[in-house]
Amino acid sequence: MTLSHLPLNALRAFEAAARQLSFTRAGLELRVTQAAVSHQVKALEEILGVPLFRRLPRGLALTEEGEALLPVLTDAFRRIAGTLERFEGGRLREVLTLGAVGTFVTGWLLPRLPEFRAAHPFVDLRLMTNNNRVDLAGEGLDAAIRFGDGAWHGTEATRLLAAPLSPLCAPALAARLRQPADLLGETLLRSYRLDEWERWFAAVDLAAPAIRGFVFDSSLTMAEAAAQGTGVALLPARMFEHDLRQGRLVRPFAAEVTLGAYWLTRLKSRRETPAMAAFRAWLLAEAGIAAGA
């Protein structure tokens, strides 16, 4: 059957009746009479040459042919509706699916998103957080913000922000820290990048102790553990400015070590859409303002 000959009204009537298993309820949904729905379904059955319903004394039941047709139509109508909903004010809203490190999202991106929305109302941002392990293609992402050195195979990376690491801890624990060497007697919380503390101690001319504390795959979880007094965490302080202002976390020493930065990444094989370009330009502008501050 060609597209020009698709019986769209009959297909809508069947899909509604099949979901509701009732011509009456389908008619209420479609704002037509029960008889109109029944007539459309009968016409579709004649076109296809098969019955789609078994008419029972108290309702309807789908035949095997009806069961095969229903999910296809439901999916098609939902996709059509979803696309139509993206039209607003005479323009098509463009979906941008972004993966991002949870630390960056909560510590930097979220407070700024209202500004992006105001500047680019036709970008429909879908945000998915992660712990820095991301598969752009496998997860269907247009772009991802991640922490590292910018060298990811097959990926175009745009540097956003430096993220030097500093020790952060609860105020009560910070009160007994006078010099970096005092950390040698404390519980040191670790990320899955196990050389971070070693490199921080090297930056303050100390040999790192053997660290056997907890290991976290999320900086947010590690920061919460530090705030609760579990130990001292090595974290990007600029991503936890809210906790520092509130006094939940304290930065006992100014010494820091830079092991990477935050980058906006996308697959080189992925064409940059207008929404992606707008978001990249906005991010770079905001990062420049933040760096200047």
# chains A, B, ... in the order shown; residues from 1 in each chain; ligands from 1
>>> residues_around(residues="Ala278 of chain A", least_positions_apart="3", cutoff="12 Å", atoms="only C-alpha atoms", output="NGL selection string")
:A and (94 or 96 or 116-117 or 119-125 or 272-275 or 281-285)
>>> residues_around(residues="Gln34 of chain A", least_positions_apart="2", cutoff="12 Å", atoms="only C-alpha atoms", output="PyMOL selection string")
chain A and resi 13-14+16-17+22-32+36-41
>>> write_last_selection(atoms="C-alpha atoms", output="JSON list (two decimals), in the first residue's frame")
[["chain", "number", "residue", "atom", "x", "y", "z"],
["A", 13, "ALA", "CA", -9.81, 4.74, 15.00],
["A", 14, "PHE", "CA", -8.38, 1.22, 15.22],
["A", 16, "ALA", "CA", -7.65, 4.11, 19.88],
["A", 17, "ALA", "CA", -10.17, 1.26, 20.00],
["A", 22, "SER", "CA", -13.91, -0.22, 23.40],
["A", 23, "PHE", "CA", -15.46, 1.62, 20.45],
["A", 24, "THR", "CA", -17.32, 3.89, 22.89],
["A", 25, "ARG", "CA", -14.22, 5.01, 24.82],
["A", 26, "ALA", "CA", -12.29, 5.39, 21.55],
["A", 27, "GLY", "CA", -15.06, 7.64, 20.26],
["A", 28, "LEU", "CA", -14.83, 9.83, 23.37],
["A", 29, "GLU", "CA", -11.04, 10.09, 22.90],
["A", 30, "LEU", "CA", -11.34, 10.98, 19.23],
["A", 31, "ARG", "CA", -14.45, 13.15, 19.74],
["A", 32, "VAL", "CA", -16.59, 11.16, 17.32],
["A", 36, "ALA", "CA", -18.12, 6.33, 13.49],
["A", 37, "VAL", "CA", -15.28, 4.42, 15.16],
["A", 38, "SER", "CA", -16.95, 1.08, 14.43],
["A", 39, "HIS", "CA", -17.45, 2.10, 10.79],
["A", 40, "GLN", "CA", -13.81, 3.16, 10.37],
["A", 41, "VAL", "CA", -12.52, -0.08, 11.91]]
>>> residues_around(residues="Arg270 of chain A", least_positions_apart="4", cutoff="12 Å", atoms="only C-alpha atoms", output="list in words")
Leu136, Ala137, Gly140, Leu141, Asp142, Ala143, Gly154, Thr155, Glu156, Thr265, Arg266 and Met276 of chain A
>>> closest_residue(among="A:Val257, A:Ser166, A:Asp182, A:Gly102", to="Thr221 of chain A", atoms="only C-alpha atoms")
A:Gly102
>>> select_by_dssp(residues="segment 8-238 of chain A", states="strand (DSSP E)", output="mmCIF file with N, CA, C and O atoms, in the first residue's frame")
data_model
loop_
_atom_site.group_PDB
_atom_site.id
_atom_site.type_symbol
_atom_site.label_atom_id
_atom_site.label_comp_id
_atom_site.auth_asym_id
_atom_site.auth_seq_id
_atom_site.Cartn_x
_atom_site.Cartn_y
_atom_site.Cartn_z
ATOM 1 N N PHE A 53 -10.558 -7.360 15.322
ATOM 2 C CA PHE A 53 -11.166 -7.551 16.642
ATOM 3 C C PHE A 53 -12.061 -8.778 16.612
ATOM 4 O O PHE A 53 -12.628 -9.145 15.568
ATOM 5 N N ARG A 54 -12.175 -9.380 17.778
ATOM 6 C CA ARG A 54 -13.249 -10.334 18.018
ATOM 7 C C ARG A 54 -14.293 -9.602 18.844
ATOM 8 O O ARG A 54 -14.001 -9.111 19.927
ATOM 9 N N ARG A 55 -15.509 -9.491 18.290
ATOM 10 C CA ARG A 55 -16.583 -8.790 18.994
ATOM 11 C C ARG A 55 -17.180 -9.734 20.039
ATOM 12 O O ARG A 55 -17.741 -10.781 19.697
ATOM 13 N N LEU A 56 -17.069 -9.374 21.293
ATOM 14 C CA LEU A 56 -17.564 -10.194 22.397
ATOM 15 C C LEU A 56 -18.830 -9.578 22.964
ATOM 16 O O LEU A 56 -19.111 -8.382 22.749
ATOM 17 N N GLY A 59 -17.569 -6.397 25.169
ATOM 18 C CA GLY A 59 -16.337 -5.711 24.817
ATOM 19 C C GLY A 59 -15.672 -6.273 23.579
ATOM 20 O O GLY A 59 -16.292 -7.001 22.782
ATOM 21 N N LEU A 60 -14.408 -5.966 23.451
ATOM 22 C CA LEU A 60 -13.632 -6.355 22.283
ATOM 23 C C LEU A 60 -12.380 -7.111 22.716
ATOM 24 O O LEU A 60 -11.878 -6.922 23.819
ATOM 25 N N ALA A 61 -11.888 -7.952 21.823
ATOM 26 C CA ALA A 61 -10.600 -8.618 22.009
ATOM 27 C C ALA A 61 -9.861 -8.568 20.682
ATOM 28 O O ALA A 61 -10.475 -8.686 19.611
ATOM 29 N N LEU A 62 -8.566 -8.341 20.739
ATOM 30 C CA LEU A 62 -7.771 -8.251 19.522
ATOM 31 C C LEU A 62 -7.523 -9.635 18.931
ATOM 32 O O LEU A 62 -7.279 -10.606 19.660
ATOM 33 N N PHE A 87 7.320 21.975 17.756
ATOM 34 C CA PHE A 87 7.067 23.252 17.087
ATOM 35 C C PHE A 87 6.483 24.237 18.094
ATOM 36 O O PHE A 87 5.522 23.934 18.794
ATOM 37 N N GLU A 88 7.089 25.402 18.166
ATOM 38 C CA GLU A 88 6.634 26.401 19.123
ATOM 39 C C GLU A 88 6.975 27.787 18.587
ATOM 40 O O GLU A 88 8.105 28.066 18.198
ATOM 41 N N ARG A 91 8.678 27.991 15.220
ATOM 42 C CA ARG A 91 10.000 27.399 15.043
ATOM 43 C C ARG A 91 10.001 25.975 15.599
ATOM 44 O O ARG A 91 9.183 25.615 16.441
ATOM 45 N N LEU A 92 10.949 25.197 15.129
ATOM 46 C CA LEU A 92 11.110 23.822 15.602
ATOM 47 C C LEU A 92 12.133 23.791 16.727
ATOM 48 O O LEU A 92 13.277 24.226 16.554
ATOM 49 N N GLU A 94 14.902 22.201 18.874
ATOM 50 C CA GLU A 94 15.895 21.177 18.561
ATOM 51 C C GLU A 94 16.367 20.499 19.836
ATOM 52 O O GLU A 94 16.747 21.159 20.801
ATOM 53 N N VAL A 95 16.335 19.183 19.844
ATOM 54 C CA VAL A 95 16.761 18.417 21.014
ATOM 55 C C VAL A 95 18.290 18.352 21.060
ATOM 56 O O VAL A 95 18.945 18.100 20.046
ATOM 57 N N LEU A 96 18.841 18.586 22.234
ATOM 58 C CA LEU A 96 20.277 18.442 22.471
ATOM 59 C C LEU A 96 20.446 17.518 23.669
ATOM 60 O O LEU A 96 20.069 17.865 24.791
ATOM 61 N N THR A 97 20.984 16.329 23.429
ATOM 62 C CA THR A 97 21.177 15.356 24.502
ATOM 63 C C THR A 97 22.624 15.430 24.972
ATOM 64 O O THR A 97 23.553 15.145 24.212
ATOM 65 N N LEU A 98 22.793 15.810 26.230
ATOM 66 C CA LEU A 98 24.114 16.077 26.788
ATOM 67 C C LEU A 98 24.394 15.135 27.956
ATOM 68 O O LEU A 98 23.581 14.999 28.871
ATOM 69 N N GLY A 99 25.551 14.497 27.933
ATOM 70 C CA GLY A 99 26.035 13.764 29.095
ATOM 71 C C GLY A 99 27.051 14.644 29.816
ATOM 72 O O GLY A 99 27.814 15.371 29.181
ATOM 73 N N ALA A 100 27.069 14.596 31.125
ATOM 74 C CA ALA A 100 27.991 15.465 31.859
ATOM 75 C C ALA A 100 28.359 14.856 33.201
ATOM 76 O O ALA A 100 27.550 14.153 33.826
ATOM 77 N N VAL A 101 29.580 15.134 33.631
ATOM 78 C CA VAL A 101 30.035 14.708 34.951
ATOM 79 C C VAL A 101 29.139 15.352 36.006
ATOM 80 O O VAL A 101 28.906 16.567 35.975
ATOM 81 N N VAL A 123 16.179 25.412 22.112
ATOM 82 C CA VAL A 123 17.015 24.236 22.331
ATOM 83 C C VAL A 123 16.416 23.436 23.483
ATOM 84 O O VAL A 123 16.290 23.933 24.601
ATOM 85 N N ASP A 124 16.023 22.226 23.199
ATOM 86 C CA ASP A 124 15.415 21.339 24.202
ATOM 87 C C ASP A 124 16.529 20.472 24.784
ATOM 88 O O ASP A 124 16.879 19.431 24.234
ATOM 89 N N LEU A 125 17.105 20.917 25.892
ATOM 90 C CA LEU A 125 18.267 20.242 26.478
ATOM 91 C C LEU A 125 17.835 19.029 27.287
ATOM 92 O O LEU A 125 16.999 19.131 28.192
ATOM 93 N N ARG A 126 18.411 17.872 26.972
ATOM 94 C CA ARG A 126 18.196 16.637 27.743
ATOM 95 C C ARG A 126 19.517 16.308 28.435
ATOM 96 O O ARG A 126 20.522 16.046 27.767
ATOM 97 N N LEU A 127 19.531 16.323 29.755
ATOM 98 C CA LEU A 127 20.769 16.209 30.524
ATOM 99 C C LEU A 127 20.861 14.863 31.220
ATOM 100 O O LEU A 127 19.953 14.453 31.941
ATOM 101 N N MET A 128 21.986 14.163 30.990
ATOM 102 C CA MET A 128 22.232 12.866 31.616
ATOM 103 C C MET A 128 23.566 12.945 32.354
ATOM 104 O O MET A 128 24.597 13.259 31.757
ATOM 105 N N THR A 129 23.557 12.681 33.654
ATOM 106 C CA THR A 129 24.788 12.774 34.438
ATOM 107 C C THR A 129 25.508 11.430 34.476
ATOM 108 O O THR A 129 24.899 10.367 34.310
ATOM 109 N N ASN A 130 26.815 11.498 34.703
ATOM 110 C CA ASN A 130 27.628 10.291 34.783
ATOM 111 C C ASN A 130 28.803 10.549 35.718
ATOM 112 O O ASN A 130 28.961 11.652 36.254
ATOM 113 N N ALA A 143 26.674 15.320 22.777
ATOM 114 C CA ALA A 143 27.921 15.844 23.328
ATOM 115 C C ALA A 143 28.035 15.397 24.775
ATOM 116 O O ALA A 143 27.063 14.929 25.378
ATOM 117 N N ALA A 144 29.245 15.542 25.323
ATOM 118 C CA ALA A 144 29.467 15.189 26.726
ATOM 119 C C ALA A 144 30.494 16.128 27.322
ATOM 120 O O ALA A 144 31.453 16.530 26.661
ATOM 121 N N ILE A 145 30.277 16.485 28.582
ATOM 122 C CA ILE A 145 31.257 17.254 29.344
ATOM 123 C C ILE A 145 31.940 16.282 30.282
ATOM 124 O O ILE A 145 31.284 15.603 31.079
ATOM 125 N N ARG A 146 33.260 16.178 30.165
ATOM 126 C CA ARG A 146 34.006 15.224 30.973
ATOM 127 C C ARG A 146 35.307 15.834 31.480
ATOM 128 O O ARG A 146 35.751 16.874 30.997
ATOM 129 N N PHE A 147 35.893 15.163 32.451
ATOM 130 C CA PHE A 147 37.127 15.627 33.076
ATOM 131 C C PHE A 147 38.297 14.782 32.556
ATOM 132 O O PHE A 147 38.182 13.557 32.444
ATOM 133 N N GLY A 148 39.401 15.438 32.246
ATOM 134 C CA GLY A 148 40.570 14.695 31.785
ATOM 135 C C GLY A 148 41.543 15.592 31.062
ATOM 136 O O GLY A 148 41.584 16.808 31.284
ATOM 137 N N THR A 155 37.415 11.746 19.163
ATOM 138 C CA THR A 155 36.602 12.780 19.790
ATOM 139 C C THR A 155 37.198 14.164 19.568
ATOM 140 O O THR A 155 38.411 14.352 19.663
ATOM 141 N N GLU A 156 36.333 15.115 19.291
ATOM 142 C CA GLU A 156 36.745 16.512 19.239
ATOM 143 C C GLU A 156 36.471 17.117 20.611
ATOM 144 O O GLU A 156 35.346 17.062 21.108
ATOM 145 N N ALA A 157 37.496 17.692 21.235
ATOM 146 C CA ALA A 157 37.374 18.199 22.604
ATOM 147 C C ALA A 157 37.664 19.695 22.646
ATOM 148 O O ALA A 157 38.650 20.163 22.084
ATOM 149 N N THR A 158 36.786 20.427 23.337
ATOM 150 C CA THR A 158 36.952 21.872 23.528
ATOM 151 C C THR A 158 37.122 22.134 25.018
ATOM 152 O O THR A 158 36.242 21.801 25.819
ATOM 153 N N ARG A 159 38.254 22.708 25.382
ATOM 154 C CA ARG A 159 38.547 22.937 26.800
ATOM 155 C C ARG A 159 37.636 24.021 27.369
ATOM 156 O O ARG A 159 37.461 25.081 26.775
ATOM 157 N N LEU A 160 37.075 23.748 28.546
ATOM 158 C CA LEU A 160 36.168 24.684 29.197
ATOM 159 C C LEU A 160 36.789 25.345 30.422
ATOM 160 O O LEU A 160 36.944 26.555 30.467
ATOM 161 N N LEU A 161 37.134 24.522 31.403
ATOM 162 C CA LEU A 161 37.586 25.050 32.685
ATOM 163 C C LEU A 161 38.681 24.193 33.281
ATOM 164 O O LEU A 161 38.619 22.964 33.214
ATOM 165 N N ALA A 162 39.677 24.847 33.885
ATOM 166 C CA ALA A 162 40.644 24.122 34.707
ATOM 167 C C ALA A 162 39.949 23.680 35.991
ATOM 168 O O ALA A 162 38.989 24.301 36.442
ATOM 169 N N LEU A 165 42.806 20.345 42.004
ATOM 170 C CA LEU A 165 42.306 19.604 43.160
ATOM 171 C C LEU A 165 42.937 20.115 44.450
ATOM 172 O O LEU A 165 44.144 20.377 44.508
ATOM 173 N N SER A 166 42.102 20.232 45.480
ATOM 174 C CA SER A 166 42.556 20.669 46.802
ATOM 175 C C SER A 166 41.919 19.780 47.861
ATOM 176 O O SER A 166 40.823 19.254 47.662
ATOM 177 N N PRO A 167 42.589 19.623 49.011
ATOM 178 C CA PRO A 167 41.958 18.887 50.116
ATOM 179 C C PRO A 167 40.754 19.664 50.653
ATOM 180 O O PRO A 167 40.835 20.866 50.894
ATOM 181 N N LEU A 168 39.641 18.972 50.840
ATOM 182 C CA LEU A 168 38.444 19.540 51.445
ATOM 183 C C LEU A 168 37.963 18.594 52.534
ATOM 184 O O LEU A 168 38.028 17.374 52.376
ATOM 185 N N LEU A 188 42.243 9.510 54.273
ATOM 186 C CA LEU A 188 42.234 10.208 52.991
ATOM 187 C C LEU A 188 41.300 9.469 52.032
ATOM 188 O O LEU A 188 41.496 8.297 51.732
ATOM 189 N N LEU A 189 40.287 10.170 51.579
ATOM 190 C CA LEU A 189 39.300 9.588 50.681
ATOM 191 C C LEU A 189 39.819 9.651 49.251
ATOM 192 O O LEU A 189 40.412 10.645 48.840
ATOM 193 N N ARG A 190 39.564 8.600 48.469
ATOM 194 C CA ARG A 190 40.163 8.497 47.133
ATOM 195 C C ARG A 190 39.096 8.344 46.064
ATOM 196 O O ARG A 190 38.037 7.778 46.299
ATOM 197 N N SER A 191 39.438 8.825 44.868
ATOM 198 C CA SER A 191 38.623 8.532 43.694
ATOM 199 C C SER A 191 39.214 7.298 43.022
ATOM 200 O O SER A 191 40.216 6.739 43.482
ATOM 201 N N VAL A 215 37.264 4.171 48.487
ATOM 202 C CA VAL A 215 37.411 4.589 47.095
ATOM 203 C C VAL A 215 36.022 4.911 46.554
ATOM 204 O O VAL A 215 35.089 4.122 46.712
ATOM 205 N N PHE A 216 35.883 6.062 45.899
ATOM 206 C CA PHE A 216 34.595 6.523 45.387
ATOM 207 C C PHE A 216 34.657 6.681 43.874
ATOM 208 O O PHE A 216 35.671 7.109 43.333
ATOM 209 N N VAL A 232 39.265 13.236 54.607
ATOM 210 C CA VAL A 232 39.628 14.382 53.775
ATOM 211 C C VAL A 232 39.571 13.950 52.311
ATOM 212 O O VAL A 232 40.133 12.919 51.942
ATOM 213 N N ALA A 233 38.902 14.741 51.494
ATOM 214 C CA ALA A 233 38.754 14.419 50.077
ATOM 215 C C ALA A 233 39.581 15.386 49.241
ATOM 216 O O ALA A 233 39.738 16.551 49.589
ATOM 217 N N LEU A 234 40.107 14.871 48.142
ATOM 218 C CA LEU A 234 40.833 15.703 47.189
ATOM 219 C C LEU A 234 39.876 15.993 46.039
ATOM 220 O O LEU A 234 39.523 15.093 45.265
ATOM 221 N N LEU A 235 39.455 17.273 45.938
ATOM 222 C CA LEU A 235 38.355 17.624 45.041
ATOM 223 C C LEU A 235 38.624 18.940 44.311
ATOM 224 O O LEU A 235 39.414 19.766 44.782
ATOM 225 N N PRO A 236 37.940 19.160 43.174
ATOM 226 C CA PRO A 236 38.023 20.465 42.501
ATOM 227 C C PRO A 236 37.228 21.496 43.299
ATOM 228 O O PRO A 236 35.992 21.525 43.247
#
>>> atom_distance(atom1="atom CA of Phe77 of chain A", atom2="atom CA of Arg271 of chain A")
28.1 Å
>>> atom_distance(atom1="atom CA of Ser218 of chain A", atom2="atom CA of Ala237 of chain A")
14.7 Å
>>> select_by_dssp(residues="segment 111-229 of chain A", states="helix (DSSP H, G or I)", output="PyMOL selection string")
chain A and resi 111-119+171-174+180-185+196-203+219-227
>>> closest_residue(among="A:Leu206, A:Ala181, A:Leu110, A:Val72", to="Phe253 of chain A", atoms="only C-alpha atoms")
A:Ala181
>>> residues_around(residues="Ser219 of chain A", least_positions_apart="3", cutoff="7 Å", atoms="only C-alpha atoms", output="MDAnalysis selection string")
chainID A and resid 103 222:223 235
>>> write_last_selection(atoms="N, CA, C and O atoms", output="mmCIF file, in the first residue's frame")
data_model
loop_
_atom_site.group_PDB
_atom_site.id
_atom_site.type_symbol
_atom_site.label_atom_id
_atom_site.label_comp_id
_atom_site.auth_asym_id
_atom_site.auth_seq_id
_atom_site.Cartn_x
_atom_site.Cartn_y
_atom_site.Cartn_z
ATOM 1 N N THR A 103 29.596 16.176 39.029
ATOM 2 C CA THR A 103 30.243 17.251 39.785
ATOM 3 C C THR A 103 30.136 18.569 39.038
ATOM 4 O O THR A 103 29.817 19.615 39.634
ATOM 5 N N MET A 222 31.898 11.487 47.345
ATOM 6 C CA MET A 222 33.094 11.669 48.166
ATOM 7 C C MET A 222 33.028 12.987 48.931
ATOM 8 O O MET A 222 33.420 13.057 50.102
ATOM 9 N N ALA A 223 32.516 14.042 48.303
ATOM 10 C CA ALA A 223 32.377 15.321 48.992
ATOM 11 C C ALA A 223 31.397 15.213 50.149
ATOM 12 O O ALA A 223 31.618 15.797 51.229
ATOM 13 N N LEU A 235 39.455 17.273 45.938
ATOM 14 C CA LEU A 235 38.355 17.624 45.041
ATOM 15 C C LEU A 235 38.624 18.940 44.311
ATOM 16 O O LEU A 235 39.414 19.766 44.782
#
>>> atom_distance(atom1="atom CA of Ala163 of chain A", atom2="atom CA of Glu256 of chain A")
9.7 Å
>>> residues_around(residues="segment 239-246 of chain A", least_positions_apart="5", cutoff="7 Å", atoms="only C-alpha atoms", output="ChimeraX atom specification")
/A:103-104,107-108
>>> write_last_selection(atoms="all heavy atoms", output="CSV table (one decimal), in the first residue's frame")
chain,number,residue,atom,x,y,z
A,103,THR,N,29.6,16.2,39.0
A,103,THR,CA,30.2,17.3,39.8
A,103,THR,C,30.1,18.6,39.0
A,103,THR,O,29.8,19.6,39.6
A,103,THR,CB,31.7,16.9,40.0
A,103,THR,OG1,31.8,15.6,40.6
A,103,THR,CG2,32.4,17.9,40.9
A,104,PHE,N,30.4,18.5,37.7
A,104,PHE,CA,30.3,19.8,36.9
A,104,PHE,C,28.9,20.3,36.8
A,104,PHE,O,28.6,21.5,36.9
A,104,PHE,CB,30.9,19.5,35.5
A,104,PHE,CG,30.9,20.7,34.6
A,104,PHE,CD1,32.0,21.5,34.6
A,104,PHE,CD2,29.9,21.0,33.8
A,104,PHE,CE1,32.1,22.6,33.8
A,104,PHE,CE2,29.9,22.1,33.0
A,104,PHE,CZ,31.0,22.9,33.0
A,107,GLY,N,27.9,21.6,40.4
A,107,GLY,CA,28.7,22.7,40.9
A,107,GLY,C,28.9,23.9,40.0
A,107,GLY,O,29.3,25.0,40.5
A,108,TRP,N,28.6,23.7,38.7
A,108,TRP,CA,28.8,24.8,37.8
A,108,TRP,C,27.6,25.1,36.8
A,108,TRP,O,27.2,26.2,36.6
A,108,TRP,CB,30.1,24.6,37.0
A,108,TRP,CG,30.6,25.8,36.3
A,108,TRP,CD1,31.4,26.7,36.8
A,108,TRP,CD2,30.3,26.2,34.9
A,108,TRP,NE1,31.7,27.7,35.8
A,108,TRP,CE2,31.0,27.4,34.7
A,108,TRP,CE3,29.5,25.6,33.9
A,108,TRP,CZ2,30.9,28.0,33.4
A,108,TRP,CZ3,29.4,26.3,32.7
A,108,TRP,CH2,30.1,27.4,32.5
